[in-house]
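**Q** Below: one structure in structure tokens.
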Amino acid sequence: MQRTSRRERILEKILSNVTVDEVSGCWIWQGGTSGAGRGGGYGRMCLDGQTVAVHIVMFTHAHGYKPSKKQVDHLCENRLCCNPDHLELVTHLENQRRKKTRQLRLEVRL
């Protein structure tokens, strides 16, 4: 009997709660979220009794260690996406700059 590793079990748990958007390529998290308030809308799951951000778990699974001073940004601008190809490690300053640019783009569309 072959045992699965913890890493494989975590990946399986995430992928069982994801639907793929064929148009955007986003892997949309269908499980719990961080709510609707400020800083909300990110996928959350429980790992070993601790609540963690799904996109960060997927980033570390695909790309390795995430330094504590860095943040994981969604290139697709979808907070529920956990496709590792849509995630990029950035500084807090860069993440805030991108957030501002996205907000301005959204205001122009309205």
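If you're wondering about the labels, chains in the structure tokens are A, B, ... by order shown, residues count from 1 in each chain, ligands from 1 in order shown.
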Could you list, as a list of chain:residue names, every residue within 10 Å of A:Glu94, counting only C-alpha atoms and ignoring same-chain residues fewer than 5 positions away?

**A**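 Contacts, in chain order: A:Lys70, A:Gln71, A:Asp73, A:Leu89, A:Lys99, A:Lys100.
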
**Q** Select from stretch 54-92 of chain A every residue with an atom at most 10 Å from any atom of stretch 3-14 of chain A, then for each give the shortest pair of atoms and their distance in Å to one decimal, using only C-alpha atoms, rows by chain and rising number, as JSON lines.

**A**
{"residue": "A:Val54", "atom": "CA", "partner": "A:Ile14", "partner_atom": "CA", "distance": 7.5}
{"residue": "A:His55", "atom": "CA", "partner": "A:Ile14", "partner_atom": "CA", "distance": 9.7}
{"residue": "A:Val57", "atom": "CA", "partner": "A:Ile10", "partner_atom": "CA", "distance": 8.7}
{"residue": "A:Met58", "atom": "CA", "partner": "A:Leu11", "partner_atom": "CA", "distance": 7.7}
{"residue": "A:His61", "atom": "CA", "partner": "A:Arg7", "partner_atom": "CA", "distance": 7.7}
{"residue": "A:Cys82", "atom": "CA", "partner": "A:Ile14", "partner_atom": "CA", "distance": 8.9}

**Q** Using C-alpha atoms, can you export the residues from the last selection as a PDB file, in the first residue's frame?

**A**
ATOM      1  CA  VAL A  54      -5.380  28.908  -0.064  1.00  0.00           C
ATOM      2  CA  HIS A  55      -3.487  31.026  -2.611  1.00  0.00           C
ATOM      3  CA  VAL A  57      -0.499  27.397   0.191  1.00  0.00           C
ATOM      4  CA  MET A  58      -0.677  26.881  -3.586  1.00  0.00           C
ATOM      5  CA  HIS A  61       3.462  24.223  -3.172  1.00  0.00           C
ATOM      6  CA  CYS A  82      -5.312  29.691  -6.582  1.00  0.00           C
TER       7      CYS A  82
END

**Q** Quick one: distance from atom CA of A:Gly25 to atom CA of A:Phe59 in Å, one decimal?

**A**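 Spanning atom CA of A:Gly25 to atom CA of A:Phe59 is a straight-line distance of 15.7 Å.
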
**Q** When you draw a straight line from atom CA of A:Ser34 to atom CA of A:Val108, how long is it in Å?

**A** 27.5 Å

**Q** Would you list the contacts of A:Gly40 as a ChimeraX atom specification, taking every protein, DNA or RNA residue within 12 Å and counting only C-alpha atoms, but skipping same-chain residues closer than 3 positions in sequence?

**A** /A:32-37,43-44,53,78-80

**Q** Distance atom CA of A:Gln30-atom CA of A:Asn83, one decimal place?

**A**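 Atom CA of A:Gln30 sits 13.2 Å away from atom CA of A:Asn83.
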
**Q** For a quick check of understanding, using only C-alpha atoms, which of A:Glu88, A:Glu107, A:Glu77, A:Asp48 has the smallest distance to A:Thr60?

**A**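 Ranking A:Glu88, A:Glu107, A:Glu77, A:Asp48 by distance to A:Thr60, first place goes to A:Glu88.
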
**Q** Name the residues of stretch 11-79 of chain A that fall into alpha helix (DSSP H) according to DSSP on the backbone, using the chain letters and numbers of this document, as a VMD selection string.

**A** chain A and resid 11 to 15 54 to 63

**Q** Just the selected residues (N, CA and C atoms), exported as a CSV table (one decimal), in the first residue's frame, please.

**A**
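Final file, result.csv:
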chain,number,residue,atom,x,y,z
A,11,LEU,N,-2.6,19.2,-1.5
A,11,LEU,CA,-2.9,19.5,-2.9
A,11,LEU,C,-4.3,18.9,-3.3
A,12,GLU,N,-4.5,17.7,-2.9
A,12,GLU,CA,-5.8,17.0,-3.2
A,12,GLU,C,-6.9,17.7,-2.6
A,13,LYS,N,-6.8,18.1,-1.3
A,13,LYS,CA,-7.8,18.8,-0.6
A,13,LYS,C,-8.2,20.1,-1.3
A,14,ILE,N,-7.2,20.8,-1.8
A,14,ILE,CA,-7.4,22.1,-2.5
A,14,ILE,C,-8.1,21.9,-3.8
A,15,LEU,N,-7.5,21.0,-4.6
A,15,LEU,CA,-8.1,20.7,-5.9
A,15,LEU,C,-9.5,20.2,-5.9
A,54,VAL,N,-5.6,29.9,1.0
A,54,VAL,CA,-5.4,28.9,-0.1
A,54,VAL,C,-4.4,29.3,-1.1
A,55,HIS,N,-4.4,30.6,-1.6
A,55,HIS,CA,-3.5,31.0,-2.6
A,55,HIS,C,-2.0,31.0,-2.1
A,56,ILE,N,-1.8,31.2,-0.9
A,56,ILE,CA,-0.4,31.2,-0.3
A,56,ILE,C,0.0,29.7,-0.3
A,57,VAL,N,-0.8,28.8,0.1
A,57,VAL,CA,-0.5,27.4,0.2
A,57,VAL,C,-0.1,26.9,-1.2
A,58,MET,N,-0.9,27.3,-2.2
A,58,MET,CA,-0.7,26.9,-3.6
A,58,MET,C,0.6,27.5,-4.1
A,59,PHE,N,0.9,28.8,-3.8
A,59,PHE,CA,2.1,29.4,-4.2
A,59,PHE,C,3.3,28.6,-3.6
A,60,THR,N,3.3,28.3,-2.4
A,60,THR,CA,4.4,27.6,-1.8
A,60,THR,C,4.6,26.2,-2.3
A,61,HIS,N,3.4,25.6,-2.6
A,61,HIS,CA,3.5,24.2,-3.2
A,61,HIS,C,4.2,24.2,-4.5
A,62,ALA,N,3.9,25.2,-5.3
A,62,ALA,CA,4.4,25.3,-6.7
A,62,ALA,C,5.8,25.9,-6.8
A,63,HIS,N,6.0,27.0,-6.0
A,63,HIS,CA,7.2,27.8,-6.1
A,63,HIS,C,8.2,27.7,-5.0

**Q** Would you please give, as a PyMOL selection string, all residues of stretch 26-78 of chain A that DSSP assigns to strand (DSSP E or B) based on the backbone?

**A** chain A and resi 27-29+33+43-47+50-53+70-74

**Q** For the residues in that selection, give me C-alpha atoms as a PDB file, in the first residue's frame.

**A**
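Okay, this is what ended up in selection-v3.pdb:
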ATOM      1  CA  TRP A  27      -8.681  27.982 -10.413  1.00  0.00           C
ATOM      2  CA  ILE A  28     -11.633  29.323  -8.428  1.00  0.00           C
ATOM      3  CA  TRP A  29     -11.751  28.291  -4.761  1.00  0.00           C
ATOM      4  CA  THR A  33     -13.399  32.649   2.475  1.00  0.00           C
ATOM      5  CA  GLY A  43      -9.993  31.558  -0.064  1.00  0.00           C
ATOM      6  CA  ARG A  44      -9.392  30.019   3.370  1.00  0.00           C
ATOM      7  CA  MET A  45      -9.017  26.439   4.539  1.00  0.00           C
ATOM      8  CA  CYS A  46      -8.057  24.551   7.667  1.00  0.00           C
ATOM      9  CA  LEU A  47      -4.698  22.749   7.792  1.00  0.00           C
ATOM     10  CA  GLN A  50      -4.934  26.355  11.576  1.00  0.00           C
ATOM     11  CA  THR A  51      -6.746  28.609   9.092  1.00  0.00           C
ATOM     12  CA  VAL A  52      -4.565  29.416   6.085  1.00  0.00           C
ATOM     13  CA  ALA A  53      -4.906  31.336   2.817  1.00  0.00           C
ATOM     14  CA  LYS A  70       6.902  39.274   0.679  1.00  0.00           C
ATOM     15  CA  GLN A  71       3.260  39.009  -0.402  1.00  0.00           C
ATOM     16  CA  VAL A  72       1.562  36.833  -3.009  1.00  0.00           C
ATOM     17  CA  ASP A  73      -0.252  38.913  -5.635  1.00  0.00           C
ATOM     18  CA  HIS A  74      -2.973  37.675  -7.981  1.00  0.00           C
TER      19      HIS A  74
END

**Q** Check the smallest atom-to-atom distance from each of A:Gly31, A:Gly64, A:Arg97, A:Val23 to A:Pro84 using only C-alpha atoms, then report the winner.

**A**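 Between A:Gly31, A:Gly64, A:Arg97, A:Val23, the residue approaching A:Pro84 most closely is A:Gly64.
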
**Q** Choose the residue, out of A:Arg109, A:Cys26, A:Gly39, A:Ser16, that has the smallest atom-to-atom separation from A:Leu87; count only C-alpha atoms.

**A**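 Using only C-alpha atoms, A:Leu87 sits closest to A:Cys26.
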